[in-house]
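So this one's upload.pdb, PDB, C-alpha atoms:
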```
ATOM      1  CA  MET A   1      52.590 120.628 170.234
ATOM      2  CA  ARG A   2      52.692 124.302 169.518
ATOM      3  CA  ARG A   3      53.847 123.830 165.942
ATOM      4  CA  GLU A   4      50.702 122.153 164.673
ATOM      5  CA  LEU A   5      48.460 124.698 166.329
ATOM      6  CA  THR A   6      50.199 127.836 165.180
ATOM      7  CA  ALA A   7      49.669 126.335 161.741
ATOM      8  CA  VAL A   8      46.105 127.608 162.060
ATOM      9  CA  ASP A   9      45.454 129.285 158.735
ATOM     10  CA  PRO A  10      46.174 132.981 159.378
ATOM     11  CA  ARG A  11      43.536 133.826 156.769
ATOM     12  CA  GLY A  12      40.934 131.736 158.622
ATOM     13  CA  SER A  13      37.879 133.476 160.038
ATOM     14  CA  ALA A  14      38.061 135.183 163.422
ATOM     15  CA  SER A  15      35.690 132.643 164.998
ATOM     16  CA  ALA A  16      37.642 129.661 163.591
ATOM     17  CA  ARG A  17      40.883 131.005 165.031
ATOM     18  CA  ARG A  18      39.212 131.781 168.354
ATOM     19  CA  THR A  19      37.738 128.264 168.523
ATOM     20  CA  ALA A  20      41.155 126.757 167.760
ATOM     21  CA  GLY A  21      42.547 128.897 170.585
ATOM     22  CA  ILE A  22      39.872 127.725 173.033
ATOM     23  CA  LYS A  23      40.724 124.077 172.245
ATOM     24  CA  ARG A  24      44.378 124.849 172.780
ATOM     25  CA  GLY A  25      43.606 126.639 176.053
ATOM     26  CA  LEU A  26      41.489 123.874 177.649
ATOM     27  CA  PRO A  27      44.409 122.005 179.289
ATOM     28  CA  PHE A  28      45.782 125.361 180.446
ATOM     29  CA  GLY A  29      42.372 126.099 181.958
ATOM     30  CA  ILE A  30      42.477 122.891 184.009
ATOM     31  CA  ALA A  31      46.026 123.606 185.210
ATOM     32  CA  VAL A  32      45.119 127.191 186.067
ATOM     33  CA  PHE A  33      42.033 125.964 187.961
ATOM     34  CA  ALA A  34      44.327 123.957 190.264
ATOM     35  CA  ILE A  35      46.683 126.917 190.694
ATOM     36  CA  SER A  36      43.947 129.410 191.537
ATOM     37  CA  LEU A  37      42.379 126.862 193.892
ATOM     38  CA  SER A  38      45.603 127.038 195.886
ATOM     39  CA  PHE A  39      45.386 130.852 195.714
ATOM     40  CA  GLY A  40      41.867 130.742 197.189
ATOM     41  CA  VAL A  41      42.995 128.373 199.945
ATOM     42  CA  LEU A  42      46.016 130.523 200.869
ATOM     43  CA  ALA A  43      44.250 133.883 200.557
ATOM     44  CA  ARG A  44      41.046 133.223 202.505
ATOM     45  CA  PRO A  45      42.549 133.216 206.040
ATOM     46  CA  VAL A  46      44.470 136.405 205.215
ATOM     47  CA  ILE A  47      41.995 138.577 203.296
ATOM     48  CA  GLY A  48      38.614 136.940 203.858
ATOM     49  CA  PRO A  49      36.314 135.041 201.471
ATOM     50  CA  TRP A  50      35.294 137.795 199.022
ATOM     51  CA  ALA A  51      38.565 139.585 198.324
ATOM     52  CA  PRO A  52      40.315 136.593 196.662
ATOM     53  CA  ILE A  53      37.341 136.035 194.329
ATOM     54  CA  VAL A  54      37.029 139.719 193.382
ATOM     55  CA  MET A  55      40.798 139.845 192.895
ATOM     56  CA  SER A  56      40.754 136.869 190.506
ATOM     57  CA  ILE A  57      37.871 138.383 188.517
ATOM     58  CA  PHE A  58      39.488 141.806 188.065
ATOM     59  CA  VAL A  59      43.247 141.218 188.301
ATOM     60  CA  PHE A  60      43.432 137.765 186.624
ATOM     61  CA  SER A  61      47.152 137.400 187.126
ATOM     62  CA  GLY A  62      48.748 134.570 189.078
ATOM     63  CA  ALA A  63      52.122 136.212 189.540
ATOM     64  CA  ALA A  64      50.716 139.516 190.848
ATOM     65  CA  GLN A  65      48.062 137.900 193.068
ATOM     66  CA  PHE A  66      50.449 135.421 194.713
ATOM     67  CA  GLY A  67      53.115 138.136 194.958
ATOM     68  CA  ALA A  68      50.855 140.678 196.656
ATOM     69  CA  LEU A  69      49.435 137.981 198.943
ATOM     70  CA  ALA A  70      52.952 136.910 199.962
ATOM     71  CA  VAL A  71      53.743 140.499 200.982
ATOM     72  CA  LEU A  72      50.530 140.734 203.033
ATOM     73  CA  ILE A  73      51.209 137.371 204.725
ATOM     74  CA  ALA A  74      54.722 138.570 205.583
ATOM     75  CA  GLY A  75      53.139 141.608 207.266
ATOM     76  CA  GLY A  76      54.073 144.110 204.567
ATOM     77  CA  GLY A  77      51.884 147.155 204.007
ATOM     78  CA  THR A  78      49.431 148.112 201.272
ATOM     79  CA  ALA A  79      52.027 150.037 199.265
ATOM     80  CA  ALA A  80      54.506 147.146 199.390
ATOM     81  CA  ALA A  81      51.840 144.664 198.256
ATOM     82  CA  ILE A  82      50.871 146.905 195.324
ATOM     83  CA  ALA A  83      54.511 147.499 194.365
ATOM     84  CA  ALA A  84      55.196 143.747 194.344
ATOM     85  CA  GLY A  85      52.167 143.075 192.142
ATOM     86  CA  VAL A  86      53.016 145.865 189.697
ATOM     87  CA  LEU A  87      56.635 144.724 189.389
ATOM     88  CA  LEU A  88      55.591 141.119 188.855
ATOM     89  CA  ASN A  89      53.324 142.274 186.034
ATOM     90  CA  ALA A  90      55.793 144.725 184.510
ATOM     91  CA  ARG A  91      56.561 142.101 181.877
ATOM     92  CA  TYR A  92      53.098 142.781 180.432
ATOM     93  CA  LEU A  93      54.427 146.121 179.229
ATOM     94  CA  ALA A  94      57.051 144.326 177.137
ATOM     95  CA  MET A  95      54.532 141.684 176.026
ATOM     96  CA  GLY A  96      52.040 144.413 175.039
ATOM     97  CA  LEU A  97      54.676 146.251 172.998
ATOM     98  CA  ALA A  98      55.441 142.979 171.229
ATOM     99  CA  LEU A  99      51.756 142.317 170.551
ATOM    100  CA  ALA A 100      50.926 145.880 169.430
ATOM    101  CA  PRO A 101      51.901 145.704 165.735
ATOM    102  CA  SER A 102      49.654 142.642 165.294
ATOM    103  CA  LEU A 103      46.583 144.585 166.453
ATOM    104  CA  ARG A 104      44.645 146.588 163.877
ATOM    105  CA  GLY A 105      41.603 148.769 164.246
ATOM    106  CA  ARG A 106      40.663 151.542 166.609
ATOM    107  CA  ALA A 107      42.250 152.202 169.988
ATOM    108  CA  LEU A 108      39.363 150.651 171.920
ATOM    109  CA  SER A 109      39.484 147.428 169.917
ATOM    110  CA  ARG A 110      43.283 147.202 170.281
ATOM    111  CA  ALA A 111      42.943 147.630 174.052
ATOM    112  CA  ALA A 112      40.193 144.987 174.132
ATOM    113  CA  PHE A 113      42.510 142.433 172.493
ATOM    114  CA  ALA A 114      45.346 143.265 174.900
ATOM    115  CA  MET A 115      43.246 142.859 178.062
ATOM    116  CA  PRO A 116      42.841 139.039 178.004
ATOM    117  CA  MET A 117      46.578 138.583 177.381
ATOM    118  CA  VAL A 118      48.295 136.186 179.817
ATOM    119  CA  ASP A 119      51.710 134.515 179.533
ATOM    120  CA  SER A 120      50.457 131.275 178.025
ATOM    121  CA  SER A 121      48.037 132.781 175.484
ATOM    122  CA  TRP A 122      50.580 135.405 174.439
ATOM    123  CA  ALA A 123      53.222 132.705 173.899
ATOM    124  CA  ALA A 124      50.779 130.366 172.131
ATOM    125  CA  ALA A 125      49.518 133.109 169.792
ATOM    126  CA  SER A 126      53.045 133.957 168.645
ATOM    127  CA  ARG A 127      53.431 132.953 164.995
ATOM    128  CA  GLY A 128      57.186 132.550 165.455
ATOM    129  CA  ASP A 129      58.122 135.464 163.210
ATOM    130  CA  GLY A 130      57.514 138.223 165.752
ATOM    131  CA  THR A 131      53.799 138.597 164.913
ATOM    132  CA  PHE A 132      50.753 137.335 166.846
ATOM    133  CA  ASP A 133      47.272 136.002 166.076
ATOM    134  CA  PRO A 134      44.959 138.171 168.263
ATOM    135  CA  TRP A 135      41.851 135.960 167.949
ATOM    136  CA  TYR A 136      43.863 132.864 168.799
ATOM    137  CA  LEU A 137      45.212 134.726 171.867
ATOM    138  CA  VAL A 138      41.674 135.570 173.019
ATOM    139  CA  GLY A 139      40.633 131.922 172.511
ATOM    140  CA  VAL A 140      43.511 130.486 174.555
ATOM    141  CA  SER A 141      42.743 132.930 177.385
ATOM    142  CA  ILE A 142      39.018 132.108 177.676
ATOM    143  CA  PRO A 143      39.279 128.669 179.386
ATOM    144  CA  GLN A 144      42.002 130.065 181.630
ATOM    145  CA  TYR A 145      39.864 132.967 182.803
ATOM    146  CA  ILE A 146      36.997 130.598 183.611
ATOM    147  CA  GLY A 147      39.369 128.153 185.324
ATOM    148  CA  TRP A 148      41.061 130.966 187.252
ATOM    149  CA  VAL A 149      37.849 132.400 188.707
ATOM    150  CA  LEU A 150      36.196 129.019 189.374
ATOM    151  CA  GLY A 151      39.338 127.661 191.020
ATOM    152  CA  THR A 152      39.498 130.656 193.354
ATOM    153  CA  VAL A 153      35.851 130.180 194.363
ATOM    154  CA  VAL A 154      36.382 126.461 195.048
ATOM    155  CA  GLY A 155      39.597 127.204 196.948
ATOM    156  CA  VAL A 156      37.848 129.735 199.178
ATOM    157  CA  LEU A 157      34.962 127.286 199.818
ATOM    158  CA  ILE A 158      36.970 124.139 200.612
ATOM    159  CA  GLY A 159      40.106 125.808 201.982
ATOM    160  CA  SER A 160      39.440 125.233 205.651
ATOM    161  CA  ARG A 161      38.886 121.515 205.052
ATOM    162  CA  LEU A 162      41.954 121.141 202.833
ATOM    163  CA  GLY A 163      44.604 122.069 205.391
ATOM    164  CA  ASP A 164      48.004 123.395 204.373
ATOM    165  CA  PRO A 165      48.090 123.623 200.554
ATOM    166  CA  ASN A 166      51.867 123.282 200.545
ATOM    167  CA  ALA A 167      51.555 119.859 202.210
ATOM    168  CA  LEU A 168      49.672 118.869 199.041
ATOM    169  CA  GLY A 169      52.471 120.238 196.877
ATOM    170  CA  LEU A 170      50.254 122.944 195.414
ATOM    171  CA  ASP A 171      53.149 125.417 195.414
ATOM    172  CA  ALA A 172      54.770 123.241 192.722
ATOM    173  CA  LEU A 173      51.842 123.838 190.336
ATOM    174  CA  PHE A 174      53.139 127.200 189.171
ATOM    175  CA  PRO A 175      56.695 126.163 188.275
ATOM    176  CA  ALA A 176      55.337 123.037 186.558
ATOM    177  CA  PHE A 177      52.918 125.153 184.498
ATOM    178  CA  PHE A 178      55.695 127.473 183.337
ATOM    179  CA  ILE A 179      58.010 124.530 182.592
ATOM    180  CA  ALA A 180      55.339 123.097 180.276
ATOM    181  CA  LEU A 181      54.981 126.473 178.520
ATOM    182  CA  LEU A 182      58.746 126.918 178.251
ATOM    183  CA  PHE A 183      59.316 123.505 176.645
ATOM    184  CA  GLU A 184      56.801 124.335 173.933
ATOM    185  CA  GLU A 185      58.299 127.739 173.330
ATOM    186  CA  ALA A 186      62.047 127.213 173.482
ATOM    187  CA  ARG A 187      62.640 125.370 170.199
ATOM    188  CA  GLY A 188      65.693 126.180 168.151
ATOM    189  CA  ARG A 189      69.104 127.339 169.153
ATOM    190  CA  ARG A 190      68.514 131.055 169.616
ATOM    191  CA  ARG A 191      65.437 130.492 171.771
ATOM    192  CA  ILE A 192      67.332 128.012 173.944
ATOM    193  CA  VAL A 193      70.109 130.590 174.339
ATOM    194  CA  ALA A 194      67.502 133.238 175.266
ATOM    195  CA  ALA A 195      65.904 130.853 177.795
ATOM    196  CA  GLY A 196      69.268 129.973 179.344
ATOM    197  CA  GLY A 197      70.159 133.649 179.595
ATOM    198  CA  GLY A 198      66.784 134.550 181.090
ATOM    199  CA  ALA A 199      67.104 131.792 183.696
ATOM    200  CA  GLY A 200      70.643 132.936 184.561
ATOM    201  CA  ILE A 201      69.580 136.570 184.966
ATOM    202  CA  ALA A 202      66.670 135.580 187.221
ATOM    203  CA  LEU A 203      68.941 133.372 189.334
ATOM    204  CA  VAL A 204      71.544 136.105 189.820
ATOM    205  CA  LEU A 205      69.116 138.987 190.414
ATOM    206  CA  THR A 206      66.510 137.329 192.686
ATOM    207  CA  PRO A 207      68.526 137.773 195.924
ATOM    208  CA  VAL A 208      69.574 141.300 194.906
ATOM    209  CA  VAL A 209      66.560 143.246 193.555
ATOM    210  CA  PRO A 210      62.820 143.333 194.476
ATOM    211  CA  ALA A 211      60.608 140.448 193.281
ATOM    212  CA  GLY A 212      59.376 140.922 189.725
ATOM    213  CA  LEU A 213      62.377 142.862 188.461
ATOM    214  CA  PRO A 214      64.418 139.701 187.768
ATOM    215  CA  ILE A 215      61.679 138.511 185.381
ATOM    216  CA  LEU A 216      61.578 141.839 183.578
ATOM    217  CA  ALA A 217      65.386 142.018 183.422
ATOM    218  CA  ALA A 218      65.400 138.585 181.756
ATOM    219  CA  ALA A 219      64.211 140.372 178.609
ATOM    220  CA  ALA A 220      67.840 141.471 178.212
ATOM    221  CA  ALA A 221      68.645 137.849 177.374
ATOM    222  CA  ALA A 222      66.255 138.047 174.406
ATOM    223  CA  VAL A 223      68.046 141.185 173.194
ATOM    224  CA  ALA A 224      71.447 139.501 173.549
ATOM    225  CA  ALA A 225      70.319 136.265 171.879
ATOM    226  CA  SER A 226      68.755 138.185 168.967
ATOM    227  CA  ARG A 227      72.223 139.422 167.993
ATOM    228  CA  ARG A 228      73.511 135.875 167.503
ATOM    229  CA  ARG A 229      73.568 134.327 164.087
ATOM    230  CA  SER A 230      71.311 131.278 164.199
TER     231      SER A 230
ATOM    232  CA  MET B   1      40.313 145.236 205.837
ATOM    233  CA  THR B   2      39.835 148.207 203.489
ATOM    234  CA  ALA B   3      43.544 147.937 202.682
ATOM    235  CA  ILE B   4      42.954 144.785 200.647
ATOM    236  CA  TRP B   5      40.386 146.542 198.452
ATOM    237  CA  VAL B   6      42.912 149.301 197.754
ATOM    238  CA  VAL B   7      45.426 146.599 196.745
ATOM    239  CA  ILE B   8      42.866 144.906 194.484
ATOM    240  CA  ALA B   9      41.820 148.169 192.782
ATOM    241  CA  ALA B  10      45.434 149.256 192.281
ATOM    242  CA  LEU B  11      46.469 145.884 190.833
ATOM    243  CA  ALA B  12      43.429 145.663 188.552
ATOM    244  CA  LEU B  13      44.096 149.154 187.146
ATOM    245  CA  SER B  14      47.877 148.782 186.872
ATOM    246  CA  THR B  15      47.657 145.362 185.220
ATOM    247  CA  ALA B  16      45.202 146.720 182.651
ATOM    248  CA  ALA B  17      47.408 149.783 182.066
ATOM    249  CA  LEU B  18      50.523 147.651 181.540
ATOM    250  CA  LYS B  19      48.681 145.400 179.090
ATOM    251  CA  VAL B  20      47.123 148.127 176.936
ATOM    252  CA  ALA B  21      49.973 150.699 177.004
ATOM    253  CA  GLY B  22      51.862 149.164 174.083
ATOM    254  CA  PRO B  23      48.848 148.519 171.841
ATOM    255  CA  LEU B  24      47.501 152.039 172.488
ATOM    256  CA  ALA B  25      50.865 153.709 171.882
ATOM    257  CA  LEU B  26      51.872 151.933 168.687
ATOM    258  CA  GLY B  27      48.990 149.736 167.537
ATOM    259  CA  GLY B  28      49.130 148.494 163.974
ATOM    260  CA  ARG B  29      52.473 150.091 163.175
ATOM    261  CA  PRO B  30      55.070 147.479 162.236
ATOM    262  CA  LEU B  31      58.105 147.062 164.447
ATOM    263  CA  PRO B  32      61.589 147.336 162.905
ATOM    264  CA  VAL B  33      63.174 143.982 162.001
ATOM    265  CA  LYS B  34      65.673 144.211 164.862
ATOM    266  CA  ALA B  35      62.833 144.603 167.360
ATOM    267  CA  LEU B  36      60.929 141.693 165.795
ATOM    268  CA  ASN B  37      63.982 139.483 166.284
ATOM    269  CA  VAL B  38      63.958 140.350 169.981
ATOM    270  CA  VAL B  39      60.189 139.834 170.298
ATOM    271  CA  GLU B  40      60.502 136.375 168.815
ATOM    272  CA  LEU B  41      62.846 135.392 171.669
ATOM    273  CA  LEU B  42      61.128 137.286 174.477
ATOM    274  CA  ALA B  43      58.751 134.496 175.538
ATOM    275  CA  SER B  44      61.595 131.992 175.966
ATOM    276  CA  ALA B  45      63.574 134.411 178.134
ATOM    277  CA  LEU B  46      60.612 135.495 180.308
ATOM    278  CA  LEU B  47      59.194 131.972 180.759
ATOM    279  CA  ALA B  48      62.629 130.629 181.764
ATOM    280  CA  ALA B  49      62.941 133.440 184.321
ATOM    281  CA  LEU B  50      59.458 132.620 185.685
ATOM    282  CA  VAL B  51      60.451 128.941 186.039
ATOM    283  CA  VAL B  52      63.552 129.909 188.042
ATOM    284  CA  VAL B  53      61.694 132.341 190.296
ATOM    285  CA  GLU B  54      58.776 129.964 190.922
ATOM    286  CA  THR B  55      61.068 126.982 191.586
ATOM    287  CA  PHE B  56      63.823 128.560 193.689
ATOM    288  CA  GLY B  57      62.453 131.909 194.789
ATOM    289  CA  LYS B  58      61.235 132.580 198.279
ATOM    290  CA  GLY B  59      60.418 136.252 198.515
ATOM    291  CA  HIS B  60      63.706 138.042 198.294
ATOM    292  CA  SER B  61      65.975 134.995 198.355
ATOM    293  CA  LEU B  62      66.736 131.685 196.669
ATOM    294  CA  THR B  63      65.980 128.421 198.418
ATOM    295  CA  LEU B  64      66.079 124.681 197.732
ATOM    296  CA  ASP B  65      62.940 122.862 198.836
ATOM    297  CA  ALA B  66      60.599 120.098 197.688
ATOM    298  CA  ARG B  67      59.387 122.227 194.757
ATOM    299  CA  VAL B  68      62.643 121.276 192.990
ATOM    300  CA  VAL B  69      61.575 117.615 192.963
ATOM    301  CA  GLY B  70      58.194 118.603 191.512
ATOM    302  CA  ALA B  71      59.838 120.817 188.895
ATOM    303  CA  ALA B  72      62.194 117.978 187.921
ATOM    304  CA  PHE B  73      59.195 115.683 187.521
ATOM    305  CA  ALA B  74      57.486 118.330 185.369
ATOM    306  CA  ALA B  75      60.549 118.696 183.152
ATOM    307  CA  ILE B  76      60.785 114.913 182.581
ATOM    308  CA  ALA B  77      57.034 114.607 182.033
ATOM    309  CA  VAL B  78      57.017 117.418 179.445
ATOM    310  CA  TRP B  79      60.028 115.885 177.720
ATOM    311  CA  ARG B  80      58.153 112.534 177.604
ATOM    312  CA  ARG B  81      55.240 114.467 176.023
ATOM    313  CA  ALA B  82      52.863 113.898 178.915
ATOM    314  CA  PRO B  83      49.643 115.954 178.771
ATOM    315  CA  MET B  84      49.595 119.290 180.601
ATOM    316  CA  ILE B  85      47.327 118.049 183.384
ATOM    317  CA  VAL B  86      49.640 115.090 184.153
ATOM    318  CA  VAL B  87      52.624 117.450 184.201
ATOM    319  CA  VAL B  88      51.033 119.915 186.618
ATOM    320  CA  LEU B  89      49.135 117.608 188.990
ATOM    321  CA  GLY B  90      51.988 115.059 188.924
ATOM    322  CA  ALA B  91      54.415 117.793 189.976
ATOM    323  CA  ALA B  92      52.174 118.664 192.925
ATOM    324  CA  ALA B  93      51.841 114.991 193.943
ATOM    325  CA  VAL B  94      55.590 114.372 193.727
ATOM    326  CA  THR B  95      56.288 117.526 195.756
ATOM    327  CA  ALA B  96      53.774 116.469 198.425
ATOM    328  CA  ILE B  97      55.392 113.023 198.666
ATOM    329  CA  ALA B  98      58.870 114.571 198.876
ATOM    330  CA  ARG B  99      57.655 116.743 201.812
ATOM    331  CA  LEU B 100      56.272 113.657 203.578
ATOM    332  CA  LEU B 101      59.568 111.817 203.238
ATOM    333  CA  VAL B 102      61.920 114.615 204.263
TER     334      VAL B 102
END
```

As structure tokens, please, write out the structure in this file.
Amino acid sequence: MRRELTAVDPRGSASARRTAGIKRGLPFGIAVFAISLSFGVLARPVIGPWAPIVMSIFVFSGAAQFGALAVLIAGGGTAAAIAAGVLLNARYLAMGLALAPSLRGRALSRAAFAMPMVDSSWAAASRGDGTFDPWYLVGVSIPQYIGWVLGTVVGVLIGSRLGDPNALGLDALFPAFFIALLFEEARGRRRIVAAGGGAGIALVLTPVVPAGLPILAAAAAAVAASRRRS
Amino acid sequence: MTAIWVVIAALALSTAALKVAGPLALGGRPLPVKALNVVELLASALLAALVVVETFGKGHSLTLDARVVGAAFAAIAVWRRAPMIVVVLGAAAVTAIARLLV
């Protein structure tokens, strides 16, 4: 799936590449709508009706929002909730460093391209040679941002009528979403090795270190796999 | 209740900072080839780790619950080239059914 779409002509106009990205991002937007709906449902009894919506508008990060919410539900304090969210998003530092060389122009414009970055759009905009298509990235993110905010609003509104979201299996949405992204990404031997290593690191570290760190530490698997001859 | 607004402000600012730090620090400059080789593999490693954490993680520990059934459905559905929406909503449905049966 990804192959045909990264074949977007890199010399194409900015708007053509953004439009191609939006088309690519539409199914992600629907999936993300369902995920953020479950966030709205889970968050409303804990933090009220407005906070989840404002959070989705300004944080726009599933991992950090669910992570911080989980800490609050467990009775953890403000600092612990922030720490969990920051750790869960620490991977954005690595993703931003990877994206940086593909961004031209002034500092403000480079920052503006980095802001809409989410896992799926970052992965989809990768050209497979270590460079990224920034306009394609923005395009893939647009339907997801809309889906994320709308889903949260709907979740907050219908939450009390929906009952326990886990009884509906909504907690399986997230892993399923990432499995779909992973299957598109992990083509070729070295990428499969990197994925296997990343999964192994996460499995070993999850019971040992705070949430979020295992995901960041999985980057070590990419370093190790890059030293293999393909 | 003000605590939640502190959490939201802190997460909004930190997420933005993490995203823009790299592009602000070294925008436009090419990475060395060795680094590019790592970057090319980074998404596979991070996405695989996210799958593991979201499927088996429960806070600070690993657990086996109905999500595994949903994840297995998702893996088969993706392999059979099902559309994204079938993969995701199907996984939720299968997980819900597994919870009913257990």

**OP:** Carefully work through the PyMOL selection byres ((chain A and resi 17-32) around 10) for this structure and note down the residues it includes, as a VMD selection string.
**Re:** (chain A and resid 1 to 2 5 to 6 8 to 16 33 to 38 62 120 to 121 124 to 125 133 to 152 173 to 174 176 to 177 180 to 181) or (chain B and resid 83 to 89)

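Among the candidates A:Leu157, A:Leu170, A:Leu205, A:Val118, the residue lying nearest to chain B is A:Leu170 (atoms considered: only C-alpha atoms).
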
Original post:
Could you pull the residues within 9 Å of Glu54 in chain B, counting only C-alpha atoms, minus those fewer than 5 positions along the same chain, as a count of residues only?
Top reply: 8

Original post:
Can you tell me how far CA of Gly59 in chain B sits from CA of Ala218 in chain A, in Å to one decimal?
Top reply: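 Between CA of Gly59 in chain B and CA of Ala218 in chain A the gap works out to 17.6 Å.
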
Original post:
If the PyMOL selection byres ((chain A and resi 110) around 10) is run on the structure shown, which residues does it catch, given as a PyMOL selection string?
Top reply: (chain A and resi 99-109+111-115+134) or (chain B and resi 20+22-24+26-28)

**OP:** Rank nothing, just name the residue among B:Val53, B:Val33, B:Ala16, B:Ala43 nearest to Gly67 in chain A, using all atoms listed in the file.
**Re:**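 The closest residue to Gly67 in chain A is B:Val53.
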
Original post:
Do you have the CA of Gly75 in chain A-CA of Tyr92 in chain A distance handy?
Top reply: 26.9 Å

**OP:** Tell me which protein, DNA and RNA residues are within 10 Å of Leu100 in chain B, counting all atoms listed in the file, leaving out same-chain ones fewer than 6 positions away, and put them as a list in words.
**Re:**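 The neighbour list is Ala167 and Leu168 of chain A; Ala66 and Val94 of chain B.
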
**OP:** Report the residues retrieved by the PyMOL selection byres ((chain A and resi 183) around 10) from the displayed file, expressed as JSON, numbers by chain.
**Re:** {"A": [1, 2, 178, 179, 180, 181, 182, 184, 185, 186, 187, 192, 195], "B": [44, 47, 48, 75, 78, 79, 81]}

Original post:
Which value, in Å to one decimal, gives the distance between CA of Ala74 in chain B and CA of Ala123 in chain A?
Top reply: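 These two atoms are separated by 18.9 Å.
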
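The shortest atom-to-atom distance to Asp65 in chain B, with all atoms listed in the file taken into account, belongs to A:Asn166 out of A:Phe132, A:Pro210, A:Asn166, A:Arg228.
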